[in-house]
Amino acid sequence: MITNRITVGQAVVMFLKNQFVERDGIESPFFAGCLGIFGHGIVAGVGQGLSQNPDFRYYMTRNEQSSVHIAMAYAKMKNRLGTFACISSIGPGATNMVTGAACATINRLPVLIIPGDIFARRNVAPVLQQLESVTSQDVSVNDCFKPVSKYWDRINRPEQLITSLPEVMRVLTSPSETGAVILSLPQDVQAEAFDFPEALFRKRVWKIPRPRPDINHLHEAVTLIRASFRPVIIAGGGVIYSDATEALLKFVERTGIPVTETFAGKGSLPYNHPLNLGAAGVTGTPGANEITSASDLVIGIGTRYSDFTTASKTAFQHPDVKFININITDFDSHKQSALALTGDAKVCLGEIIELVKDYKVAAGYKKHTTDLSKDWDEQVSKFYKVTGSLPVSQAEVVGTVNAFAGPRDVVLCAAGSLPGDLHKLWRTVDPKGFHLEYGYSTMGYECAAGIGAKMACPDREIYVMVGDGNYLMMNNEIVTAIQEGIKFTIVLLNNNGFASIGGLSQSIGSQRFGTKYRYRDKKTGSMTEEILPVDFAQNARSLGAYVVEAHDIESLKAALAEAKKQTRTTVITIETDLIKGVPGYAWWEVAVAEISNMDTVQKAYSDYVEKKKKQRYFL
Ligand SMILES: Cc1ncc(C[n+]2csc(CCOP(=O)(O)OP(=O)(O)O)c2C)c(N)n1
Ligand SMILES: [Mg+2]
């Protein structure tokens, strides 16, 4: 056997740079490089390996969590056909990535996480940042990754790498199993040399399959579709990741079945397709909710049926509603007691199109769908209409950015009240035009993710829309964007607090307690005094961004034009109204206190009990 005597750290880098993926005959490298922050747990191992492999580029980030966000955003824009390796030292660097790992796993996005680990040899324990356990010497903080990852391994001997690395790749490139993959590397093992087989470092091309569902299930599904009167499609992220948007278009044009879209599925059809009812569920449009509620057959494609999609299990009210789920993941395809078509969305839709033959929904149903779709677009124009009152409303800002952005440009967001407004309102033309991390809804995803999205799609403008709370949680990757010359635009909507959780607090009777950025009233102890003097423009400028301060819609338009001309990351700040929002058209279950001395809570609880009556089991 031909071997290559190198360290574990060097071997990891050598292996990663030789991994490729191929789907539909198109081949590309799987890793765009490595993101991270060095520390004693990684610098001499993988860090040293990176330093002698400059063709596998290392990007220094400012927080390990945001490394993972960058990688996820890249993976999402690449339809999961590429990602980064994210490295950290031991201890806090590693645990900083736990949130990122959960975020990647929940969103079904591939990210390789390589945290450094404590000495496998143990004789120097406890090392700096080591968590000691009195019950086991086989525990480190990296065990925290176990529930939030799809594959977890710790390399205690160099040769374990030989059998671990192929597993790492199998899981990362598997459309059904992908998520965060953890390769925990003790710092002493990383620096150890070993005679690795040369074949470990050969170029490997991981072929991404398009598995077909069971043929009997497919025929059963076609029978159900042909017998249905009010079918509806819920298009999830799987439609886009599988590149099934054209197949979906063909299917709905052939059959007239209306489409609703989840957060990850928005863009499956262009917003102005007459059969696109837009957003589904809690943050859905009135039309999508009406049609879904009365539907006798729900066809979920690439969706994991989160509570936002099912309106906390109140969205489907037809007494005999049935479900067909087309999903690459067996786990998801069985949800709602569906007829499970476990397989790839594109090939599955292609086969169904042939089998449904001349099936079409009734003309009246189709007409009603197209009317609802048109009505909603008119509503959107009303929300987007500039009123001239100050501070501007969030919807006016969304409308202005939407009108300014080109058809291939991307809006990117994660948490706050913006995701719901964007889901309802944003007129998405291109399947990659709507980038929402709304699986984990991680505050702080946005500014970092802008980097990953731009790296994946350098020919698109990326508009990161972020609230003041999210921006304050994690804005530090602006520095990385400046360092790397990566340009995107951040539109920062400052409403001096949490419109989202404030509204939620009000709805459960707690009157926006603790959701405003205000000084504390010394007498009452509540945070109701003056607004905090946070200067967002100065903050962004201090990190190196180009900054434009907008005050109304006219200056916002000018700021967007100015931002487009810039070559470095630009932050546009604008103050928005905390209260003026877009209404909701479906219910979301957030548990309400059963007993309270507050009238508002008692009232909220009785409403809550009423709403819960519409919840259903699908057995
Ligand atoms: C890490 C994290 N902590 C808490 C939450 C709960 N949460 C969701 S939105 C939000 C407030 C967001 O504030 P801001 O960005 O200003 O948006 P706004 O609500 O004002 O639209 C909070 C606290 C979360 N999603 N993520
Ligand atoms: Mg806010």
# chains A, B, ... in the order shown; residues from 1 in each chain; ligands from 1
$ closest_atom_pairs --of "chain A" --to "ligand 1" --cutoff "10 Å" --atoms "only C-alpha atoms and all ligand atoms" --output "Markdown table"
| residue | atom | partner | partner_atom_place_in_ligand_line | distance |
| --- | --- | --- | --- | --- |
| A:Thr99 | CA | ligand 1 | 1 (C) | 8.4 |
| A:Gln394 | CA | ligand 1 | 21 (O) | 8.4 |
| A:Cys413 | CA | ligand 1 | 15 (O) | 9.8 |
| A:Ala414 | CA | ligand 1 | 25 (N) | 8.1 |
| A:Ala415 | CA | ligand 1 | 9 (S) | 4.8 |
| A:Gly416 | CA | ligand 1 | 9 (S) | 3.5 |
| A:Ser417 | CA | ligand 1 | 21 (O) | 3.7 |
| A:Leu418 | CA | ligand 1 | 21 (O) | 5.4 |
| A:Pro419 | CA | ligand 1 | 21 (O) | 8.3 |
| A:Gly420 | CA | ligand 1 | 21 (O) | 9.3 |
| A:Asp421 | CA | ligand 1 | 21 (O) | 9.4 |
| A:Tyr438 | CA | ligand 1 | 25 (N) | 9.1 |
| A:Tyr440 | CA | ligand 1 | 25 (N) | 7.3 |
| A:Ser441 | CA | ligand 1 | 25 (N) | 5.0 |
| A:Thr442 | CA | ligand 1 | 26 (N) | 4.4 |
| A:Met443 | CA | ligand 1 | 26 (N) | 4.1 |
| A:Gly444 | CA | ligand 1 | 1 (C) | 6.9 |
| A:Tyr445 | CA | ligand 1 | 1 (C) | 8.9 |
| A:Glu446 | CA | ligand 1 | 15 (O) | 10.0 |
| A:Met465 | CA | ligand 1 | 15 (O) | 9.5 |
| A:Val466 | CA | ligand 1 | 15 (O) | 6.0 |
| A:Gly467 | CA | ligand 1 | 15 (O) | 3.3 |
| A:Asp468 | CA | ligand 1 | 16 (O) | 4.0 |
| A:Gly469 | CA | ligand 1 | 16 (O) | 3.5 |
| A:Asn470 | CA | ligand 1 | 15 (O) | 3.8 |
| A:Tyr471 | CA | ligand 1 | 15 (O) | 6.4 |
| A:Leu472 | CA | ligand 1 | 15 (O) | 7.9 |
| A:Met473 | CA | ligand 1 | 1 (C) | 7.7 |
| A:Met474 | CA | ligand 1 | 1 (C) | 9.6 |
| A:Leu492 | CA | ligand 1 | 15 (O) | 8.9 |
| A:Leu493 | CA | ligand 1 | 16 (O) | 7.5 |
| A:Asn494 | CA | ligand 1 | 16 (O) | 6.6 |
| A:Asn495 | CA | ligand 1 | 20 (O) | 5.8 |
| A:Asn496 | CA | ligand 1 | 16 (O) | 6.8 |
| A:Gly497 | CA | ligand 1 | 16 (O) | 5.0 |
| A:Phe498 | CA | ligand 1 | 20 (O) | 3.5 |
| A:Ala499 | CA | ligand 1 | 19 (O) | 3.8 |
| A:Ser500 | CA | ligand 1 | 19 (O) | 3.6 |
| A:Ile501 | CA | ligand 1 | 10 (C) | 5.6 |
| A:Gly502 | CA | ligand 1 | 19 (O) | 7.1 |
| A:Gly503 | CA | ligand 1 | 19 (O) | 8.3 |
| A:Leu504 | CA | ligand 1 | 19 (O) | 9.6 |
| A:Gly514 | CA | ligand 1 | 23 (C) | 9.9 |
| A:Thr515 | CA | ligand 1 | 23 (C) | 7.8 |
| A:Lys516 | CA | ligand 1 | 20 (O) | 8.9 |
| A:Tyr517 | CA | ligand 1 | 16 (O) | 9.2 |
| A:Thr576 | CA | ligand 1 | 20 (O) | 9.0 |
| A:Asp577 | CA | ligand 1 | 20 (O) | 9.2 |
| A:Leu578 | CA | ligand 1 | 20 (O) | 6.7 |
| A:Ile579 | CA | ligand 1 | 20 (O) | 9.3 |
| A:Gly581 | CA | ligand 1 | 21 (O) | 9.5 |
$ select_by_dssp --residues "stretch 118-310 of chain A" --states "alpha helix (DSSP H)" --output "PyMOL selection string"
chain A and resi 160-173+187-191+215-227+237-241+245-255+286-294+307-310
$ residues_around --residues "A:Leu161" --least-positions-apart "2" --cutoff "12 Å" --atoms "only C-alpha atoms" --output "VMD selection string"
chain A and resid 7 to 13 15 153 to 159 163 to 168 183 to 185 189 to 190 194 to 197 200 to 201
$ select_by_dssp --residues "stretch 81-193 of chain A" --states "strand (DSSP E or B)" --output "VMD selection string"
chain A and resid 83 to 88 111 to 117 151 to 154 180 to 186 193
$ residues_around --residues "stretch 553-567 of chain A" --least-positions-apart "2" --cutoff "8 Å" --atoms "only C-alpha atoms" --output "tab-separated table (two decimals) with all heavy atoms, in the first residue's frame"
chain	number	residue	atom	x	y	z
A	386	VAL	N	-46.64	53.96	-0.09
A	386	VAL	CA	-45.97	54.89	0.81
A	386	VAL	C	-46.97	55.92	1.32
A	386	VAL	O	-47.64	56.58	0.53
A	386	VAL	CB	-44.79	55.58	0.08
A	386	VAL	CG1	-44.10	56.59	0.98
A	386	VAL	CG2	-43.82	54.53	-0.43
A	388	GLY	N	-46.20	58.35	3.72
A	388	GLY	CA	-45.56	59.63	4.06
A	388	GLY	C	-45.44	59.84	5.55
A	388	GLY	O	-44.75	60.75	6.01
A	392	VAL	N	-41.38	55.39	9.18
A	392	VAL	CA	-42.00	54.60	8.12
A	392	VAL	C	-42.41	53.24	8.68
A	392	VAL	O	-41.88	52.78	9.70
A	392	VAL	CB	-41.03	54.40	6.93
A	392	VAL	CG1	-40.69	55.73	6.29
A	392	VAL	CG2	-39.77	53.65	7.35
A	396	GLU	N	-43.51	49.33	4.23
A	396	GLU	CA	-43.06	50.31	3.22
A	396	GLU	C	-41.59	50.08	2.87
A	396	GLU	O	-41.19	50.20	1.72
A	396	GLU	CB	-43.25	51.74	3.75
A	396	GLU	CG	-44.69	52.19	3.84
A	396	GLU	CD	-44.80	53.54	4.56
A	396	GLU	OE1	-44.77	53.55	5.81
A	396	GLU	OE2	-44.87	54.56	3.87
A	397	VAL	N	-40.80	49.73	3.89
A	397	VAL	CA	-39.38	49.48	3.63
A	397	VAL	C	-39.22	48.20	2.79
A	397	VAL	O	-38.49	48.18	1.80
A	397	VAL	CB	-38.58	49.34	4.96
A	397	VAL	CG1	-37.13	48.96	4.70
A	397	VAL	CG2	-38.65	50.64	5.76
A	400	THR	N	-40.12	48.96	-0.73
A	400	THR	CA	-39.13	49.78	-1.43
A	400	THR	C	-37.94	48.93	-1.84
A	400	THR	O	-37.44	49.05	-2.97
A	400	THR	CB	-38.68	50.94	-0.51
A	400	THR	OG1	-39.84	51.62	-0.07
A	400	THR	CG2	-37.75	51.90	-1.22
A	401	VAL	N	-37.48	48.07	-0.94
A	401	VAL	CA	-36.33	47.21	-1.27
A	401	VAL	C	-36.75	46.22	-2.36
A	401	VAL	O	-36.02	45.97	-3.32
A	401	VAL	CB	-35.79	46.47	-0.02
A	401	VAL	CG1	-34.61	45.57	-0.38
A	401	VAL	CG2	-35.38	47.46	1.07
A	404	PHE	N	-36.81	47.85	-5.68
A	404	PHE	CA	-35.47	48.21	-6.15
A	404	PHE	C	-34.69	46.99	-6.60
A	404	PHE	O	-33.94	47.03	-7.59
A	404	PHE	CB	-34.70	48.93	-5.03
A	404	PHE	CG	-33.37	49.44	-5.50
A	404	PHE	CD1	-33.26	50.66	-6.16
A	404	PHE	CD2	-32.23	48.68	-5.30
A	404	PHE	CE1	-32.02	51.11	-6.61
A	404	PHE	CE2	-30.98	49.12	-5.76
A	404	PHE	CZ	-30.89	50.34	-6.41
A	485	GLY	N	-13.32	41.54	1.01
A	485	GLY	CA	-13.81	42.28	-0.16
A	485	GLY	C	-15.12	41.71	-0.70
A	485	GLY	O	-15.35	41.69	-1.90
A	487	LYS	N	-19.03	42.04	-1.04
A	487	LYS	CA	-19.98	43.14	-0.93
A	487	LYS	C	-21.44	42.67	-0.94
A	487	LYS	O	-21.86	41.92	-1.82
A	487	LYS	CB	-19.76	44.11	-2.09
A	487	LYS	CG	-20.57	45.38	-1.98
A	487	LYS	CD	-21.81	45.31	-2.85
A	487	LYS	CE	-22.77	46.41	-2.50
A	487	LYS	NZ	-23.33	47.04	-3.70
A	489	THR	N	-25.53	44.20	0.76
A	489	THR	CA	-26.18	45.36	1.37
A	489	THR	C	-27.03	44.91	2.55
A	489	THR	O	-27.82	43.98	2.43
A	489	THR	CB	-27.07	46.08	0.32
A	489	THR	OG1	-26.23	46.47	-0.76
A	489	THR	CG2	-27.74	47.30	0.91
A	546	TYR	N	-19.54	50.72	4.53
A	546	TYR	CA	-20.00	51.99	3.98
A	546	TYR	C	-21.42	52.17	4.51
A	546	TYR	O	-22.20	51.21	4.51
A	546	TYR	CB	-19.99	51.95	2.45
A	546	TYR	CG	-20.38	53.26	1.83
A	546	TYR	CD1	-19.48	54.33	1.78
A	546	TYR	CD2	-21.66	53.45	1.32
A	546	TYR	CE1	-19.85	55.54	1.23
A	546	TYR	CE2	-22.04	54.66	0.76
A	546	TYR	CZ	-21.12	55.71	0.72
A	546	TYR	OH	-21.50	56.91	0.19
A	548	VAL	N	-25.10	54.40	4.86
A	548	VAL	CA	-26.00	55.47	4.43
A	548	VAL	C	-27.18	55.49	5.40
A	548	VAL	O	-27.78	54.44	5.68
A	548	VAL	CB	-26.56	55.23	3.00
A	548	VAL	CG1	-27.20	56.51	2.47
A	548	VAL	CG2	-25.48	54.74	2.05
A	549	GLU	N	-27.48	56.67	5.91
A	549	GLU	CA	-28.60	56.79	6.84
A	549	GLU	C	-29.84	57.29	6.10
A	549	GLU	O	-29.81	58.38	5.54
A	549	GLU	CB	-28.24	57.75	7.97
A	549	GLU	CG	-27.14	57.20	8.87
A	549	GLU	CD	-26.70	58.20	9.94
A	549	GLU	OE1	-27.49	58.43	10.88
A	549	GLU	OE2	-25.59	58.73	9.82
A	550	ALA	N	-30.89	56.49	6.09
A	550	ALA	CA	-32.14	56.90	5.45
A	550	ALA	C	-33.13	57.29	6.53
A	550	ALA	O	-33.09	56.76	7.65
A	550	ALA	CB	-32.70	55.77	4.61
A	551	HIS	N	-34.01	58.23	6.19
A	551	HIS	CA	-34.97	58.71	7.20
A	551	HIS	C	-36.41	58.55	6.75
A	551	HIS	O	-37.34	58.59	7.54
A	551	HIS	CB	-34.69	60.18	7.53
A	551	HIS	CG	-33.28	60.37	8.00
A	551	HIS	ND1	-32.89	60.02	9.26
A	551	HIS	CD2	-32.17	60.80	7.36
A	551	HIS	CE1	-31.58	60.25	9.39
A	551	HIS	NE2	-31.13	60.71	8.24
A	569	THR	N	-19.20	46.18	1.52
A	569	THR	CA	-20.47	45.95	2.21
A	569	THR	C	-21.02	47.26	2.77
A	569	THR	O	-20.29	48.05	3.38
A	569	THR	CB	-20.28	44.87	3.29
A	569	THR	OG1	-20.20	43.62	2.61
A	569	THR	CG2	-21.44	44.81	4.27
A	570	THR	N	-22.30	47.44	2.50
A	570	THR	CA	-22.93	48.72	2.82
A	570	THR	C	-24.10	48.47	3.77
A	570	THR	O	-24.85	47.51	3.60
A	570	THR	CB	-23.44	49.37	1.51
A	570	THR	OG1	-22.31	49.58	0.67
A	570	THR	CG2	-24.14	50.69	1.76
A	571	VAL	N	-24.19	49.33	4.76
A	571	VAL	CA	-25.30	49.25	5.71
A	571	VAL	C	-26.18	50.48	5.54
A	571	VAL	O	-25.69	51.61	5.56
A	571	VAL	CB	-24.79	49.15	7.17
A	571	VAL	CG1	-25.96	49.15	8.16
A	571	VAL	CG2	-23.94	47.90	7.36
A	572	ILE	N	-27.47	50.23	5.33
A	572	ILE	CA	-28.44	51.33	5.26
A	572	ILE	C	-29.26	51.27	6.55
A	572	ILE	O	-29.82	50.22	6.88
A	572	ILE	CB	-29.38	51.17	4.06
A	572	ILE	CG1	-28.59	51.21	2.74
A	572	ILE	CG2	-30.47	52.23	4.06
A	572	ILE	CD1	-29.42	50.84	1.50
A	574	ILE	N	-32.44	52.69	8.88
A	574	ILE	CA	-33.69	53.45	8.81
A	574	ILE	C	-34.52	53.14	10.06
A	574	ILE	O	-34.56	51.98	10.50
A	574	ILE	CB	-34.48	53.15	7.51
A	574	ILE	CG1	-35.71	54.06	7.41
A	574	ILE	CG2	-34.86	51.67	7.38
A	574	ILE	CD1	-36.23	54.23	5.99
$ atom_distance --atom1 "atom CA of A:Pro186" --atom2 "atom CA of A:Val46"
10.7 Å
$ residues_around --residues "A:Arg427" --least-positions-apart "3" --cutoff "10 Å" --atoms "only C-alpha atoms" --output "list in words"
Lys266, Gly267, Pro270, Tyr271, Asn272, Gly278, Asp377, Val380, Gly399, Asn402, Ala403, Pro407, Leu422, His423, Lys424, Asp430, Gly433 and Phe434 of chain A
$ residues_around --residues "A:Gln19" --least-positions-apart "5" --cutoff "7 Å" --atoms "only C-alpha atoms" --output "number ranges by chain"
A: 29-30, 203-205
$ residues_around --residues "A:Lys603" --least-positions-apart "6" --cutoff "12 Å" --atoms "only C-alpha atoms" --output "PyMOL selection string"
chain A and resi 506-510+592-597+609-610
$ write_last_selection --atoms "all heavy atoms" --output "short mmCIF file (atom, residue, chain, number, x, y, z; two decimals), in the first residue's frame"
data_model
loop_
_atom_site.label_atom_id
_atom_site.label_comp_id
_atom_site.auth_asym_id
_atom_site.auth_seq_id
_atom_site.Cartn_x
_atom_site.Cartn_y
_atom_site.Cartn_z
N GLN A 506 -47.93 40.89 23.71
CA GLN A 506 -49.24 41.52 23.84
C GLN A 506 -50.36 40.49 23.61
O GLN A 506 -51.35 40.47 24.34
CB GLN A 506 -49.35 42.64 22.81
CG GLN A 506 -50.47 43.59 23.12
CD GLN A 506 -50.26 44.93 22.42
OE1 GLN A 506 -49.36 45.10 21.58
NE2 GLN A 506 -51.07 45.89 22.76
N SER A 507 -50.14 39.64 22.63
CA SER A 507 -51.20 38.67 22.30
C SER A 507 -51.41 37.63 23.41
O SER A 507 -52.48 37.05 23.51
CB SER A 507 -50.91 37.98 20.97
OG SER A 507 -49.90 37.01 21.14
N ILE A 508 -50.39 37.43 24.24
CA ILE A 508 -50.60 36.46 25.34
C ILE A 508 -50.88 37.21 26.66
O ILE A 508 -50.89 36.62 27.73
CB ILE A 508 -49.41 35.46 25.48
CG1 ILE A 508 -48.07 36.15 25.63
CG2 ILE A 508 -49.34 34.52 24.31
CD1 ILE A 508 -47.55 36.20 27.00
N GLY A 509 -51.07 38.51 26.52
CA GLY A 509 -51.53 39.31 27.65
C GLY A 509 -50.45 40.01 28.46
O GLY A 509 -50.74 40.69 29.43
N SER A 510 -49.19 39.85 28.06
CA SER A 510 -48.10 40.40 28.88
C SER A 510 -47.65 41.81 28.50
O SER A 510 -46.62 42.31 28.99
CB SER A 510 -46.90 39.46 28.87
OG SER A 510 -47.22 38.29 29.56
N VAL A 592 -50.29 29.92 26.61
CA VAL A 592 -50.69 31.08 27.41
C VAL A 592 -50.89 30.64 28.87
O VAL A 592 -51.40 29.54 29.12
CB VAL A 592 -52.00 31.68 26.85
CG1 VAL A 592 -52.42 32.92 27.65
CG2 VAL A 592 -51.85 32.04 25.38
N ALA A 593 -50.51 31.52 29.79
CA ALA A 593 -50.64 31.19 31.22
C ALA A 593 -52.09 30.88 31.57
O ALA A 593 -53.00 31.64 31.25
CB ALA A 593 -50.14 32.36 32.07
N GLU A 594 -52.27 29.76 32.24
CA GLU A 594 -53.62 29.32 32.57
C GLU A 594 -54.23 30.17 33.69
O GLU A 594 -55.43 30.41 33.74
CB GLU A 594 -53.57 27.83 33.00
CG GLU A 594 -54.90 27.16 33.01
CD GLU A 594 -54.78 25.65 33.21
OE1 GLU A 594 -53.68 25.09 33.00
OE2 GLU A 594 -55.79 25.04 33.58
N ILE A 595 -53.36 30.64 34.56
CA ILE A 595 -53.83 31.44 35.69
C ILE A 595 -52.96 32.69 35.80
O ILE A 595 -51.73 32.61 35.66
CB ILE A 595 -53.72 30.63 37.01
CG1 ILE A 595 -54.75 29.49 36.99
CG2 ILE A 595 -53.94 31.52 38.23
CD1 ILE A 595 -54.67 28.58 38.18
N SER A 596 -53.59 33.84 36.02
CA SER A 596 -52.83 35.07 36.21
C SER A 596 -53.71 36.10 36.89
O SER A 596 -54.94 36.05 36.77
CB SER A 596 -52.38 35.61 34.85
OG SER A 596 -51.91 36.93 34.99
N ASN A 597 -53.06 37.06 37.59
CA ASN A 597 -53.86 38.14 38.16
C ASN A 597 -54.00 39.29 37.17
O ASN A 597 -54.57 40.33 37.49
CB ASN A 597 -53.27 38.62 39.49
CG ASN A 597 -51.81 39.03 39.35
OD1 ASN A 597 -51.32 39.18 38.23
ND2 ASN A 597 -51.13 39.20 40.46
N VAL A 609 -57.94 28.97 24.46
CA VAL A 609 -58.69 27.72 24.61
C VAL A 609 -59.62 27.53 23.41
O VAL A 609 -59.76 26.44 22.85
CB VAL A 609 -59.47 27.73 25.95
CG1 VAL A 609 -60.44 26.56 26.04
CG2 VAL A 609 -58.50 27.72 27.12
N GLU A 610 -60.23 28.64 22.96
CA GLU A 610 -61.11 28.59 21.78
C GLU A 610 -60.34 28.15 20.54
O GLU A 610 -60.74 27.26 19.81
CB GLU A 610 -61.67 30.01 21.53
CG GLU A 610 -63.11 30.26 21.90
CD GLU A 610 -64.02 29.07 21.94
OE1 GLU A 610 -64.46 28.63 20.85
OE2 GLU A 610 -64.28 28.55 23.05
#
$ closest_residue --among "A:Gln336, A:Gln538, A:Ser293, A:Ser306" --to "A:Thr262" --atoms "only C-alpha atoms"
A:Ser306
$ closest_residue --among "A:Asp521, A:Thr573, A:Thr310, A:Arg62" --to "A:Ala279" --atoms "only C-alpha atoms"
A:Thr310
$ decode --residues "stretch 381-413 of chain A" --atoms "C-alpha atoms" --output "PDB file, in the first residue's frame"
ATOM      1  CA  SER A 381     -49.548  46.868  -3.321  1.00  0.00           C
ATOM      2  CA  LYS A 382     -51.620  48.488  -0.559  1.00  0.00           C
ATOM      3  CA  PHE A 383     -49.151  47.441   2.164  1.00  0.00           C
ATOM      4  CA  TYR A 384     -46.286  48.691   0.010  1.00  0.00           C
ATOM      5  CA  LYS A 385     -47.951  52.042  -0.631  1.00  0.00           C
ATOM      6  CA  VAL A 386     -45.965  54.892   0.813  1.00  0.00           C
ATOM      7  CA  THR A 387     -48.070  56.922   3.228  1.00  0.00           C
ATOM      8  CA  GLY A 388     -45.564  59.625   4.055  1.00  0.00           C
ATOM      9  CA  SER A 389     -45.973  59.210   7.814  1.00  0.00           C
ATOM     10  CA  LEU A 390     -42.870  58.852   9.979  1.00  0.00           C
ATOM     11  CA  PRO A 391     -41.355  56.667  11.217  1.00  0.00           C
ATOM     12  CA  VAL A 392     -42.002  54.601   8.120  1.00  0.00           C
ATOM     13  CA  SER A 393     -43.710  51.238   8.403  1.00  0.00           C
ATOM     14  CA  GLN A 394     -41.732  48.026   7.948  1.00  0.00           C
ATOM     15  CA  ALA A 395     -43.972  47.077   5.004  1.00  0.00           C
ATOM     16  CA  GLU A 396     -43.064  50.308   3.224  1.00  0.00           C
ATOM     17  CA  VAL A 397     -39.375  49.475   3.634  1.00  0.00           C
ATOM     18  CA  VAL A 398     -39.913  45.911   2.408  1.00  0.00           C
ATOM     19  CA  GLY A 399     -41.823  47.275  -0.592  1.00  0.00           C
ATOM     20  CA  THR A 400     -39.130  49.780  -1.431  1.00  0.00           C
ATOM     21  CA  VAL A 401     -36.329  47.207  -1.272  1.00  0.00           C
ATOM     22  CA  ASN A 402     -38.477  44.718  -3.215  1.00  0.00           C
ATOM     23  CA  ALA A 403     -39.141  47.254  -5.973  1.00  0.00           C
ATOM     24  CA  PHE A 404     -35.474  48.214  -6.147  1.00  0.00           C
ATOM     25  CA  ALA A 405     -34.069  44.662  -6.198  1.00  0.00           C
ATOM     26  CA  GLY A 406     -33.615  42.958  -9.540  1.00  0.00           C
ATOM     27  CA  PRO A 407     -35.404  39.712 -10.373  1.00  0.00           C
ATOM     28  CA  ARG A 408     -32.361  37.554  -9.586  1.00  0.00           C
ATOM     29  CA  ASP A 409     -31.393  39.435  -6.438  1.00  0.00           C
ATOM     30  CA  VAL A 410     -31.747  37.820  -3.048  1.00  0.00           C
ATOM     31  CA  VAL A 411     -33.458  38.947   0.130  1.00  0.00           C
ATOM     32  CA  LEU A 412     -31.973  37.309   3.220  1.00  0.00           C
ATOM     33  CA  CYS A 413     -33.421  37.252   6.731  1.00  0.00           C
TER      34      CYS A 413
END
